[in-house]
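Coordinates as given in data.cif (mmCIF, C-alpha atoms):
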data_input
#
loop_
_atom_site.label_atom_id
_atom_site.label_comp_id
_atom_site.auth_asym_id
_atom_site.auth_seq_id
_atom_site.Cartn_x
_atom_site.Cartn_y
_atom_site.Cartn_z
CA MET A 1 75.77 62.23 149.58
CA ALA A 2 74.60 65.29 147.66
CA GLY A 3 71.77 65.67 150.15
CA LEU A 4 74.20 65.52 153.07
CA ASN A 5 76.42 68.17 151.45
CA SER A 6 73.50 70.55 150.99
CA ILE A 7 72.53 70.04 154.65
CA LEU A 8 76.10 70.85 155.69
CA LYS A 9 76.06 73.99 153.54
CA ILE A 10 72.97 75.17 155.36
CA PHE A 11 74.65 74.89 158.76
CA LEU A 12 78.34 75.60 158.25
CA PRO A 13 78.16 79.18 156.95
CA LYS A 14 75.93 80.18 159.87
CA ASP A 15 78.33 78.47 162.24
CA ARG A 16 81.25 80.49 160.77
CA VAL A 17 79.47 83.85 160.90
CA PHE A 18 80.43 84.22 164.58
CA PHE A 19 84.15 84.05 163.76
CA GLN A 20 83.80 86.77 161.13
CA LEU A 21 81.87 89.03 163.49
CA PHE A 22 84.38 88.54 166.31
CA GLU A 23 87.23 89.27 163.90
CA ASN A 24 85.46 92.44 162.73
CA VAL A 25 85.18 93.56 166.36
CA ALA A 26 88.85 92.73 166.97
CA ASP A 27 89.94 94.77 163.92
CA GLU A 28 87.89 97.72 165.15
CA LEU A 29 89.46 97.48 168.61
CA VAL A 30 92.97 97.68 167.12
CA LYS A 31 91.93 100.83 165.23
CA MET A 32 90.45 102.30 168.42
CA GLY A 33 93.66 101.61 170.34
CA GLU A 34 95.72 103.39 167.69
CA LYS A 35 93.25 106.28 167.57
CA LEU A 36 93.49 106.67 171.36
CA LYS A 37 97.26 107.07 171.00
CA GLU A 38 96.65 109.79 168.41
CA ILE A 39 94.23 111.54 170.74
CA VAL A 40 96.64 111.66 173.69
CA SER A 41 99.38 112.95 171.37
CA GLU A 42 97.24 115.83 170.07
CA SER A 43 97.67 119.06 172.04
CA ASP A 44 95.00 121.07 170.19
CA PHE A 45 91.53 120.75 171.78
CA ASP A 46 89.54 121.07 168.52
CA LYS A 47 91.73 118.65 166.56
CA ARG A 48 91.45 116.25 169.48
CA ALA A 49 87.65 116.64 169.39
CA ALA A 50 87.64 115.53 165.73
CA LEU A 51 89.69 112.44 166.62
CA ILE A 52 87.35 111.69 169.55
CA LYS A 53 84.42 111.84 167.08
CA GLU A 54 86.25 109.22 164.97
CA ILE A 55 86.68 106.94 167.98
CA GLU A 56 82.99 107.42 168.83
CA ASP A 57 82.07 106.29 165.29
CA MET A 58 84.27 103.20 165.72
CA GLU A 59 82.55 102.42 169.01
CA HIS A 60 79.16 102.62 167.25
CA VAL A 61 80.40 100.24 164.54
CA ASN A 62 81.44 97.81 167.27
CA ASP A 63 78.04 98.14 168.92
CA ASP A 64 76.47 97.08 165.61
CA TYR A 65 78.76 94.04 165.34
CA THR A 66 77.98 93.07 168.94
CA HIS A 67 74.25 93.40 168.24
CA GLN A 68 74.70 91.14 165.19
CA ILE A 69 76.48 88.54 167.35
CA PHE A 70 73.57 88.50 169.82
CA THR A 71 71.05 88.35 166.94
CA GLU A 72 72.88 85.37 165.40
CA LEU A 73 72.99 83.72 168.81
CA GLY A 74 69.21 83.97 168.98
CA LYS A 75 68.74 82.59 165.46
CA ASN A 76 71.33 79.82 165.26
CA PHE A 77 70.89 76.38 166.72
CA ILE A 78 74.49 75.46 165.86
CA THR A 79 77.31 77.57 167.35
CA PRO A 80 81.09 77.03 167.12
CA PHE A 81 81.44 76.95 170.91
CA ASP A 82 79.25 77.32 174.00
CA ARG A 83 76.54 79.95 173.69
CA GLU A 84 77.53 81.33 177.09
CA ASP A 85 81.13 81.76 175.94
CA ILE A 86 79.99 83.57 172.78
CA HIS A 87 77.91 85.88 174.96
CA TYR A 88 80.74 86.44 177.47
CA LEU A 89 83.31 87.13 174.74
CA ALA A 90 81.04 89.52 172.85
CA THR A 91 80.33 91.40 176.08
CA ALA A 92 84.00 91.56 177.09
CA LEU A 93 85.06 92.90 173.68
CA ASP A 94 82.23 95.43 173.71
CA ASP A 95 83.36 96.60 177.15
CA ILE A 96 86.90 97.23 175.83
CA ALA A 97 85.47 99.48 173.10
CA ASP A 98 83.15 101.29 175.53
CA TYR A 99 85.94 102.11 177.97
CA ILE A 100 88.38 103.21 175.24
CA TYR A 101 85.75 105.66 174.02
CA ALA A 102 85.00 106.77 177.60
CA SER A 103 88.73 107.42 178.16
CA ALA A 104 88.97 109.56 175.04
CA LYS A 105 85.76 111.45 175.78
CA LYS A 106 86.76 112.33 179.35
CA ILE A 107 90.03 113.97 178.22
CA ASN A 108 88.16 116.73 176.39
CA PHE A 109 85.15 116.72 178.69
CA TYR A 110 87.41 117.63 181.62
CA HIS A 111 89.67 119.87 179.49
CA VAL A 112 92.68 117.85 180.60
CA ASN A 113 96.00 118.22 178.79
CA PRO A 114 96.82 114.61 177.80
CA ASN A 115 100.54 115.45 177.65
CA ASP A 116 100.89 113.54 180.89
CA THR A 117 103.19 110.58 181.43
CA GLY A 118 100.49 108.40 182.99
CA ILE A 119 97.94 109.04 180.24
CA GLN A 120 100.54 108.52 177.50
CA LYS A 121 101.84 105.25 178.96
CA MET A 122 98.32 103.97 179.60
CA ALA A 123 97.33 104.70 175.98
CA ASP A 124 100.39 102.73 174.79
CA VAL A 125 99.53 99.63 176.84
CA ILE A 126 95.87 99.85 175.79
CA ALA A 127 96.90 99.84 172.12
CA GLN A 128 99.17 96.83 172.78
CA GLY A 129 96.33 95.09 174.62
CA CYS A 130 93.98 95.56 171.67
CA VAL A 131 96.54 94.04 169.28
CA ALA A 132 97.06 91.04 171.58
CA VAL A 133 93.29 90.52 171.99
CA SER A 134 92.90 90.67 168.20
CA LYS A 135 95.62 88.03 167.72
CA ALA A 136 93.93 85.67 170.17
CA VAL A 137 90.45 86.22 168.69
CA LYS A 138 91.68 85.51 165.15
CA GLU A 139 93.16 82.17 166.19
CA LEU A 140 89.76 80.94 167.45
CA ARG A 141 88.58 80.23 163.90
CA ASN A 142 90.90 77.24 163.48
CA MET A 143 92.52 76.74 166.89
CA LYS A 144 95.56 75.22 165.22
CA ASN A 145 98.21 77.62 166.46
CA MET A 146 97.91 77.19 170.21
CA ARG A 147 101.28 78.88 170.76
CA GLN A 148 99.98 82.04 169.09
CA ILE A 149 96.91 82.11 171.33
CA THR A 150 98.75 81.34 174.57
CA ASP A 151 101.47 83.92 173.80
CA ALA A 152 98.76 86.53 173.21
CA LEU A 153 96.98 85.59 176.46
CA VAL A 154 100.23 85.83 178.45
CA GLN A 155 100.89 89.23 176.86
CA ILE A 156 97.38 90.46 177.80
CA ASN A 157 97.96 89.36 181.39
CA SER A 158 101.28 91.23 181.43
CA ILE A 159 99.58 94.33 179.96
CA GLU A 160 96.93 94.25 182.70
CA ASN A 161 99.70 94.16 185.31
CA GLN A 162 101.45 97.06 183.57
CA GLY A 163 98.15 98.99 183.61
CA ASP A 164 97.93 98.48 187.39
CA ASP A 165 101.53 99.64 187.86
CA ILE A 166 101.09 102.71 185.65
CA PHE A 167 97.90 103.60 187.53
CA ASP A 168 99.61 103.32 190.93
CA MET A 169 102.64 105.35 189.82
CA SER A 170 100.45 107.98 188.16
CA ILE A 171 98.30 108.44 191.25
CA GLU A 172 101.38 108.70 193.46
CA LYS A 173 102.93 111.32 191.13
CA LEU A 174 99.62 113.19 190.87
CA PHE A 175 99.23 113.58 194.64
CA ALA A 176 102.91 114.50 195.05
CA GLU A 177 103.04 117.14 192.30
CA GLU A 178 99.55 118.50 191.58
CA ASN A 179 98.30 121.24 193.89
CA ASP A 180 95.00 121.88 192.10
CA ALA A 181 92.39 119.59 193.70
CA LYS A 182 90.17 119.75 190.58
CA GLU A 183 93.03 118.54 188.39
CA VAL A 184 93.67 115.69 190.80
CA ILE A 185 90.04 114.55 190.60
CA LYS A 186 89.87 114.86 186.79
CA LYS A 187 93.14 113.07 186.06
CA ARG A 188 92.46 110.37 188.62
CA GLU A 189 89.18 109.55 186.89
CA ILE A 190 90.87 109.38 183.48
CA TYR A 191 93.55 107.05 184.87
CA GLN A 192 90.84 104.86 186.39
CA VAL A 193 88.85 104.54 183.17
CA MET A 194 91.99 103.78 181.15
CA GLU A 195 93.06 101.16 183.68
CA ILE A 196 89.63 99.52 183.34
CA VAL A 197 90.35 99.02 179.62
CA THR A 198 93.30 96.78 180.51
CA ASP A 199 91.06 94.89 182.98
CA LYS A 200 88.51 94.33 180.22
CA CYS A 201 91.26 93.02 177.90
CA GLU A 202 92.08 90.48 180.61
CA ASP A 203 88.37 89.57 180.91
CA ALA A 204 88.33 88.82 177.16
CA ALA A 205 91.54 86.78 177.54
CA ASN A 206 89.96 84.72 180.34
CA VAL A 207 86.96 83.87 178.14
CA ILE A 208 89.25 82.90 175.25
CA GLU A 209 91.29 80.73 177.63
CA SER A 210 88.16 78.92 178.81
CA ILE A 211 87.15 78.31 175.16
CA ILE A 212 90.50 76.81 174.16
CA VAL A 213 90.58 74.61 177.28
CA LYS A 214 87.21 73.14 176.22
CA TYR A 215 87.74 72.85 172.48
CA ALA A 216 91.42 72.83 171.55
#

Rewritten as structure tokens:
Amino acid sequence: MAGLNSILKIFLPKDRVFFQLFENVADELVKMGEKLKEIVSESDFDKRAALIKEIEDMEHVNDDYTHQIFTELGKNFITPFDREDIHYLATALDDIADYIYASAKKINFYHVNPNDTGIQKMADVIAQGCVAVSKAVKELRNMKNMRQITDALVQINSIENQGDDIFDMSIEKLFAEENDAKEVIKKREIYQVMEIVTDKCEDAANVIESIIVKYA
């Protein structure tokens, strides 16, 4: 029996390392969502630049976690769920971080004033999406609270729909009210990148849904 226990100890911690790494990524995404809201609320270009540097650092931290997930995937024979699903989820979460950072970066790159209804609303739904993704990810460790996961997945789907609606309304308003063609191009691109964040949240939700269908 002692021998069996020591064998289990060898495998179980390595099996659990994926949950910890995914949870670390999820925590970082929540921080990035909140930081994006700070960025779009900051009117001063230089202060905004400092906040964008913070979000860039968070994105680098997430890159490191994602790299660790892929490294563990290469080393570990035992995984908590399908290797493909681990890969898909890691990629989807990494994409969320990448596009949040891209959204923040483009605001200063294009010298756009983020005091814009579309940008503000989009930042709000992105932050909500990150929180919902984090809730779903953290339930994967035990998969006992199915209601918590399914509620989070439904919320992510709703947030993606809201992102689409905000994008459509923002583009309509932009073409109706903005006479400067350069401003139209710049803001349209920012709206697009922000809307992609909500799409990537839904991609992560779809992977999580496929995992719970198989294993719950």

What residues come out when you apply the PyMOL selection byres ((chain A and resi 166-168) around 9) to this file, written as a CSV table (one decimal) with C-alpha atoms, in the frame of the given file?
chain,number,residue,atom,x,y,z
A,118,GLY,CA,100.5,108.4,183.0
A,119,ILE,CA,97.9,109.0,180.2
A,121,LYS,CA,101.8,105.2,179.0
A,122,MET,CA,98.3,104.0,179.6
A,161,ASN,CA,99.7,94.2,185.3
A,162,GLN,CA,101.4,97.1,183.6
A,163,GLY,CA,98.2,99.0,183.6
A,164,ASP,CA,97.9,98.5,187.4
A,165,ASP,CA,101.5,99.6,187.9
A,169,MET,CA,102.6,105.4,189.8
A,170,SER,CA,100.4,108.0,188.2
A,171,ILE,CA,98.3,108.4,191.2
A,172,GLU,CA,101.4,108.7,193.5
A,173,LYS,CA,102.9,111.3,191.1
A,188,ARG,CA,92.5,110.4,188.6
A,191,TYR,CA,93.6,107.0,184.9
A,192,GLN,CA,90.8,104.9,186.4
A,194,MET,CA,92.0,103.8,181.2
A,195,GLU,CA,93.1,101.2,183.7

Inset, instruction - Would you mind telling me which residue in A:Ala97, A:Ile156, A:Lys214, A:His111 lies nearest to A:Val193 when using only C-alpha atoms? - result: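 Closest candidate: A:Ala97.
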
Cut-off 8 Å: closest stretch 89-184 of chain A/stretch 45-62 of chain A atom pairs per residue, using all atoms listed in the file, as CSV:
residue,atom,partner,partner_atom,distance
A:Asp94,CA,A:Asn62,CA,6.9
A:Ala97,CA,A:Glu59,CA,5.8
A:Asp98,CA,A:Glu59,CA,6.6
A:Tyr101,CA,A:Glu56,CA,6.1
A:Ala104,CA,A:Ile52,CA,6.1
A:Lys105,CA,A:Ile52,CA,6.4
A:Asn108,CA,A:Phe45,CA,7.0
A:His111,CA,A:Phe45,CA,8.0

Export, as a compact mmCIF listing (two decimals), in the frame of the given file, the selected residues with C-alpha atoms.
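out32.txt, written as the output of this step:
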# COMPACT_ATOMS: atom_id res chain seq x y z
CA ASP A 94 82.23 95.43 173.71
CA ALA A 97 85.47 99.48 173.10
CA ASP A 98 83.15 101.29 175.53
CA TYR A 101 85.75 105.66 174.02
CA ALA A 104 88.97 109.56 175.04
CA LYS A 105 85.76 111.45 175.78
CA ASN A 108 88.16 116.73 176.39
CA HIS A 111 89.67 119.87 179.49

Inset, instruction - Quick one: everything within 12 Å of A:Gly74, counting only C-alpha atoms, minus sequence neighbours fewer than 6 positions away in the same chain. Send it as a ChimeraX atom specification. - result: /A:14,67-68,83-84,86-87

Legend entry - Test item: residues at most 7 Å from A:Gly129, only C-alpha atoms, excluding those fewer than 5 positions along its chain, as JSON, numbers by chain: {"A": [156, 159, 198, 201]}

Legend entry - A:Ala127, A:Met146, A:Leu140, A:Ala181 ranked by distance to A:Glu23, top pick (using only C-alpha atoms): A:Leu140

Identify, on the basis of only C-alpha atoms, every residue whose closest approach to A:Pro80 does not exceed 9 Å; exclude the query and any residue fewer than 2 positions from it along the same chain; express the result as a tab-separated table (two decimals) with C-alpha atoms, keeping the file's coordinate frame.
chain	number	residue	atom	x	y	z
A	15	ASP	CA	78.33	78.47	162.24
A	16	ARG	CA	81.25	80.49	160.77
A	18	PHE	CA	80.43	84.22	164.58
A	19	PHE	CA	84.15	84.05	163.76
A	78	ILE	CA	74.49	75.46	165.86
A	82	ASP	CA	79.25	77.32	174.00
A	83	ARG	CA	76.54	79.95	173.69
A	86	ILE	CA	79.99	83.57	172.78
A	141	ARG	CA	88.58	80.23	163.90

Inset, instruction - To one decimal in Å, tell me the separation between atom CA of A:Ala26 and atom CA of A:Ser134. - result: 4.7 Å

Inset, instruction - Point out the residue among A:Leu21, A:Val207, A:Ile212, A:Val197 with the least atom-to-atom distance to A:Leu89, counting only C-alpha atoms. - result: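 Answer, going by the shortest atom-to-atom distance: A:Val207.
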
Legend entry - Nearest candidate to A:Glu160 (options A:Ile107, A:Ile211, A:Ile126, A:Leu73; using all atoms listed in the file):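 Comparing A:Ile107, A:Ile211, A:Ile126, A:Leu73 against A:Glu160, the winner is A:Ile126.
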
With 8 Å as the cut-off and all atoms listed in the file counted, what is the closest atom pair between each nearby residue of stretch 92-123 of chain A and stretch 33-44 of chain A? Distances in Å to one decimal, ordered by chain and number, as a tab-separated table.
residue	atom	partner	partner_atom	distance
A:Ile100	CA	A:Leu36	CA	7.3
A:Ala104	CA	A:Leu36	CA	6.5
A:Asn113	CA	A:Ser43	CA	7.0
A:Pro114	CA	A:Val40	CA	5.1
A:Asn115	CA	A:Val40	CA	6.7
A:Ile119	CA	A:Val40	CA	7.2
A:Gln120	CA	A:Val40	CA	6.3
A:Ala123	CA	A:Lys37	CA	5.5

Legend entry - Contact residues around A:Gln148 with all atoms listed in the file at 10 Å, ignoring same-chain residues under 2 positions, as a PyMOL selection string: chain A and resi 132+135-136+138-139+143-146+150-153

Inset, instruction - Between atom CA of A:Lys106 and atom CA of A:Asn206, measure the distance and give it in Å to one decimal. - result: 27.8 Å

Legend entry - Selected residue, from A:Ala90, A:Asp27, A:Val137, A:Ala176, that lies nearest to A:Phe70 when counting only C-alpha atoms: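 Nearest candidate to A:Phe70 out of A:Ala90, A:Asp27, A:Val137, A:Ala176: A:Ala90.
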
Inset, instruction - Would you mind telling me which residue in A:Glu189, A:Glu177, A:Asp95, A:Asp116 lies nearest to A:Asp203 when using all atoms listed in the file? - result: A:Asp95

Report as JSON the centre and the edge lengths, in Å to one decimal, of the axis-aligned box holding every listed atom of stretch 69-85 of chain A, padded by 8 Å on each side.
{"center_x": 75.1, "center_y": 82.0, "center_z": 171.2, "size_x": 28.7, "size_y": 29.1, "size_z": 27.8}

Legend entry - Point-to-point distance from atom CA of A:Asn142 to atom CA of A:Val30, Å rounded to tenths: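 Between atom CA of A:Asn142 and atom CA of A:Val30 the gap works out to 20.9 Å.
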